[in-house]
>>> print(open('my_file-v2.txt').read())   # compact mmCIF, C-alpha atoms
# COMPACT_ATOMS: atom_id res chain seq x y z
CA MET A 141 -21.72 8.25 13.28
CA GLY A 142 -22.05 10.08 16.59
CA ALA A 143 -19.27 11.57 18.68
CA TYR A 144 -18.50 8.10 20.02
CA MET A 145 -18.51 4.78 18.26
CA LYS A 146 -19.28 1.70 20.32
CA ILE A 147 -16.77 -1.08 19.64
CA ILE A 148 -17.67 -4.64 20.60
CA ILE A 149 -15.03 -7.38 20.57
CA GLU A 150 -16.18 -10.94 21.12
CA ASP A 151 -13.93 -13.91 21.82
CA ILE A 152 -14.90 -16.84 19.59
CA LYS A 153 -14.41 -20.58 19.90
CA ASP A 154 -11.84 -22.46 17.84
CA GLY A 155 -13.27 -23.29 14.44
CA GLU A 156 -15.75 -20.39 14.42
CA GLU A 157 -15.44 -17.97 11.54
CA GLU A 158 -13.93 -14.57 12.34
CA SER A 159 -16.06 -11.65 11.13
CA ILE A 160 -16.33 -7.89 11.45
CA THR A 161 -19.67 -6.10 11.25
CA ILE A 162 -19.82 -2.34 10.75
CA ARG A 163 -23.17 -0.70 11.42
CA SER A 164 -23.26 2.92 10.33
CA ASN A 165 -25.56 5.40 8.62
CA ASN A 166 -22.53 7.24 7.24
CA ILE A 167 -19.93 5.08 5.46
CA ASP A 168 -17.28 7.74 4.82
CA ASP A 169 -13.68 7.61 3.55
CA HIS A 170 -12.38 7.10 7.09
CA ILE A 171 -14.44 3.92 7.56
CA LEU A 172 -13.50 2.68 4.08
CA GLN A 173 -9.78 3.23 4.86
CA MET A 174 -10.23 1.25 8.07
CA ILE A 175 -11.92 -1.62 6.20
CA TYR A 176 -9.24 -1.76 3.53
CA GLY A 177 -6.54 -1.55 6.22
CA ILE A 178 -7.98 -4.64 7.91
CA LYS A 179 -8.25 -6.47 4.60
CA MET A 180 -4.71 -5.49 3.65
CA ASN A 181 -3.32 -6.95 6.88
CA LYS A 182 -4.71 -10.35 5.88
CA LYS A 183 -3.36 -10.13 2.32
CA LYS A 184 0.22 -11.14 1.62
CA ALA A 185 2.26 -10.28 -1.44
CA ILE A 186 4.12 -13.17 -3.03
CA GLY A 187 7.73 -12.53 -3.99
CA MET A 188 10.56 -14.61 -5.39
CA TYR A 189 14.10 -14.31 -4.03
CA GLU A 190 16.96 -16.59 -5.10
CA GLY A 191 14.53 -19.23 -6.39
CA GLN A 192 12.44 -19.31 -3.20
CA ILE A 193 8.88 -18.08 -2.68
CA TYR A 194 8.22 -15.62 0.16
CA MET A 195 4.99 -14.31 1.66
CA ILE A 196 5.49 -10.58 2.26
CA ASP A 197 3.40 -8.48 4.61
CA PRO A 198 2.26 -5.37 2.65
CA THR A 199 3.25 -3.15 5.60
CA ASP A 200 6.88 -4.20 4.93
CA ILE A 201 6.75 -3.08 1.28
CA TYR A 202 8.19 0.33 0.35
CA TYR A 203 7.19 0.19 -3.31
CA PHE A 204 6.62 -1.95 -6.39
CA GLU A 205 8.56 -1.09 -9.54
CA ALA A 206 8.28 -2.32 -13.12
CA VAL A 207 11.65 -2.67 -14.87
CA ASP A 208 12.08 -4.35 -18.29
CA ASN A 209 8.77 -6.27 -18.15
CA LYS A 210 9.47 -7.52 -14.63
CA VAL A 211 7.95 -6.23 -11.39
CA PHE A 212 10.04 -5.96 -8.24
CA ILE A 213 8.93 -5.60 -4.62
CA TYR A 214 11.22 -3.30 -2.64
CA CYS A 215 11.39 -3.88 1.10
CA ASP A 216 13.81 -2.45 3.65
CA LYS A 217 16.70 -4.86 3.02
CA LYS A 218 15.62 -7.15 0.15
CA VAL A 219 14.17 -6.83 -3.33
CA TYR A 220 11.84 -9.60 -4.46
CA GLU A 221 10.44 -10.34 -7.90
CA SER A 222 6.67 -10.45 -8.34
CA LYS A 223 4.83 -12.53 -10.93
CA LEU A 224 2.06 -9.91 -11.08
CA LYS A 225 1.86 -6.99 -13.49
CA LEU A 226 1.86 -3.46 -12.07
CA TYR A 227 -1.79 -2.87 -13.05
CA GLU A 228 -2.79 -6.06 -11.15
CA ILE A 229 -0.95 -4.84 -8.05
CA GLU A 230 -2.59 -1.42 -8.38
CA LYS A 231 -6.03 -3.09 -8.48
CA ASP A 232 -5.20 -5.41 -5.53
CA TYR A 233 -4.12 -2.48 -3.37
CA GLU A 234 -6.63 0.21 -4.37
CA ASN A 235 -8.09 2.14 -1.43
CA THR A 236 -5.07 1.28 0.74
CA ASP A 237 -1.87 3.21 1.51
CA PHE A 238 -0.47 2.19 -1.90
CA PHE A 239 -0.84 4.54 -4.85
CA ARG A 240 0.50 4.94 -8.36
CA ALA A 241 3.46 7.36 -8.17
CA SER A 242 4.60 7.05 -11.81
CA LYS A 243 4.16 4.80 -14.84
CA SER A 244 6.55 2.30 -13.29
CA ILE A 245 6.09 2.70 -9.50
CA ILE A 246 3.38 1.96 -6.93
CA LEU A 247 4.42 3.53 -3.64
CA ASN A 248 3.45 2.81 -0.02
CA LEU A 249 2.40 6.14 1.54
CA SER A 250 3.22 4.89 5.03
CA LYS A 251 6.90 4.52 4.06
CA ILE A 252 7.32 8.20 3.10
CA ARG A 253 9.41 10.25 5.55
CA ASN A 254 8.85 13.54 3.74
CA LEU A 255 7.87 15.08 0.42
CA SER A 256 9.37 18.00 -1.42
CA PRO A 257 8.43 19.70 -4.70
CA ALA A 258 10.70 18.81 -7.62
CA PHE A 259 10.96 20.13 -11.20
CA ASN A 260 7.93 20.41 -13.53
CA GLY A 261 5.22 19.83 -10.91
CA ARG A 262 6.68 16.55 -9.74
CA PHE A 263 7.35 15.63 -6.11
CA GLU A 264 10.28 13.82 -4.57
CA ALA A 265 9.49 11.37 -1.76
CA LEU A 266 12.21 10.61 0.76
CA LEU A 267 11.42 7.17 2.14
CA LYS A 268 12.09 5.91 5.66
CA ASN A 269 14.99 3.81 4.31
CA LYS A 270 16.57 7.02 2.88
CA GLU A 271 15.71 6.09 -0.73
CA LYS A 272 14.26 8.78 -2.98
CA VAL A 273 11.36 8.20 -5.38
CA ILE A 274 9.99 10.70 -7.89
CA ILE A 275 6.21 11.15 -8.07
CA SER A 276 5.17 12.11 -11.61
CA ARG A 277 3.15 15.28 -12.14
CA GLN A 278 0.00 13.45 -13.32
CA PHE A 279 -0.09 11.40 -10.09
CA VAL A 280 0.40 14.34 -7.69
CA PRO A 281 -3.39 15.08 -7.44
CA GLU A 282 -4.00 11.47 -6.29
CA LEU A 283 -1.20 11.83 -3.73
CA LYS A 284 -2.73 15.06 -2.38
CA LYS A 285 -6.16 13.39 -2.22
CA LYS A 286 -4.76 10.43 -0.27
CA LEU A 287 -3.00 12.83 2.13
CA GLY A 288 -6.16 14.90 2.54
CA LEU A 289 -4.59 18.07 1.08
>>> encode(input="my_file-v2.txt", output="structure tokens")
Amino acid sequence: MGAYMKIIIEDIKDGEEESITIRSNNIDDHILQMIYGIKMNKKKAIGMYEGQIYMIDPTDIYYFEAVDNKVFIYCDKKVYESKLKLYEIEKDYENTDFFRASKSIILNLSKIRNLSPAFNGRFEALLKNKEKVIISRQFVPELKKKLGL
């Protein structure tokens, strides 16, 4: 990829299939992140709240947490229940801003306000909604990789 990348946007007729073509001789992590970001925007999480089904935009999700064989989706104001297992969510959102923070939590990196070291090699993430989440020691290397540290 040279210093500049040419971007072409074409308006299509109703009924035509939308598509994105990437032509590059160097598919790097930056391009992969962009691809997964586009895919993630199209993908909705399904959550249950008071007996109703909701389609949740992943960018609204702070984290997923497994508690007593149930998985919950934490957003800014509401907590939904997911029918998926944590490992299924982890697979669905690999190569996105979501990452495994502990055995029971998958965290959205874009919702972290700041990070600070905690005891025993763990990190504490202060989220944009003022909640705190602990990142287990064994998942800190993945966090650093995702942050480019």
>>> atom_distance(input="my_file-v2.txt", atom1="CA of Ser256 (chain A)", atom2="CA of Asp216 (chain A)")
21.5 Å
>>> closest_atom_pairs(input="my_file-v2.txt", of="region 230-275 of chain A", to="region 196-214 of chain A", cutoff="7 Å", atoms="only C-alpha atoms", output="CSV")
residue,atom,partner,partner_atom,distance
A:Ser244,CA,A:Ala206,CA,4.9
A:Ile245,CA,A:Glu205,CA,4.5
A:Ile246,CA,A:Phe204,CA,5.1
A:Leu247,CA,A:Tyr203,CA,4.4
A:Asn248,CA,A:Tyr202,CA,5.4
A:Lys251,CA,A:Tyr202,CA,5.7
>>> atom_distance(input="my_file-v2.txt", atom1="CA of Ile275 (chain A)", atom2="CA of Asn254 (chain A)")
12.3 Å
>>> atom_distance(input="my_file-v2.txt", atom1="CA of Ile252 (chain A)", atom2="CA of Gln192 (chain A)")
28.7 Å
>>> closest_residue(input="my_file-v2.txt", among="A:Ser276, A:Lys153, A:Thr161, A:Ser222", to="Lys184 (chain A)", atoms="all atoms listed in the file")
A:Ser222
>>> residues_near_point(input="my_file-v2.txt", point="(10.7, -17.2, -3.5)", cutoff="12 Å", atoms="all atoms listed in the file", output="short mmCIF file (atom, residue, chain, number, x, y, z; two decimals) with C-alpha atoms, keeping the file's coordinate frame")
data_model
loop_
_atom_site.label_atom_id
_atom_site.label_comp_id
_atom_site.auth_asym_id
_atom_site.auth_seq_id
_atom_site.Cartn_x
_atom_site.Cartn_y
_atom_site.Cartn_z
CA ALA A 185 2.26 -10.28 -1.44
CA ILE A 186 4.12 -13.17 -3.03
CA GLY A 187 7.73 -12.53 -3.99
CA MET A 188 10.56 -14.61 -5.39
CA TYR A 189 14.10 -14.31 -4.03
CA GLU A 190 16.96 -16.59 -5.10
CA GLY A 191 14.53 -19.23 -6.39
CA GLN A 192 12.44 -19.31 -3.20
CA ILE A 193 8.88 -18.08 -2.68
CA TYR A 194 8.22 -15.62 0.16
CA MET A 195 4.99 -14.31 1.66
CA ILE A 196 5.49 -10.58 2.26
CA ILE A 213 8.93 -5.60 -4.62
CA LYS A 218 15.62 -7.15 0.15
CA VAL A 219 14.17 -6.83 -3.33
CA TYR A 220 11.84 -9.60 -4.46
CA GLU A 221 10.44 -10.34 -7.90
CA SER A 222 6.67 -10.45 -8.34
CA LYS A 223 4.83 -12.53 -10.93
#
>>> residues_around(input="my_file-v2.txt", residues="Ile160 (chain A)", least_positions_apart="2", cutoff="10 Å", atoms="all atoms listed in the file", output="ChimeraX atom specification")
/A:148-149,158,162-163,175,178
>>> closest_residue(input="my_file-v2.txt", among="A:Ser242, A:Ser159, A:Thr236, A:Ser250", to="Ile171 (chain A)", atoms="all atoms listed in the file")
A:Thr236
>>> closest_residue(input="my_file-v2.txt", among="A:Leu249, A:Ala265, A:Ala241, A:Ala258", to="Leu287 (chain A)", atoms="all atoms listed in the file")
A:Leu249
>>> closest_residue(input="my_file-v2.txt", among="A:Lys217, A:Lys270, A:Arg277, A:Arg240", to="Pro257 (chain A)", atoms="only C-alpha atoms")
A:Arg277
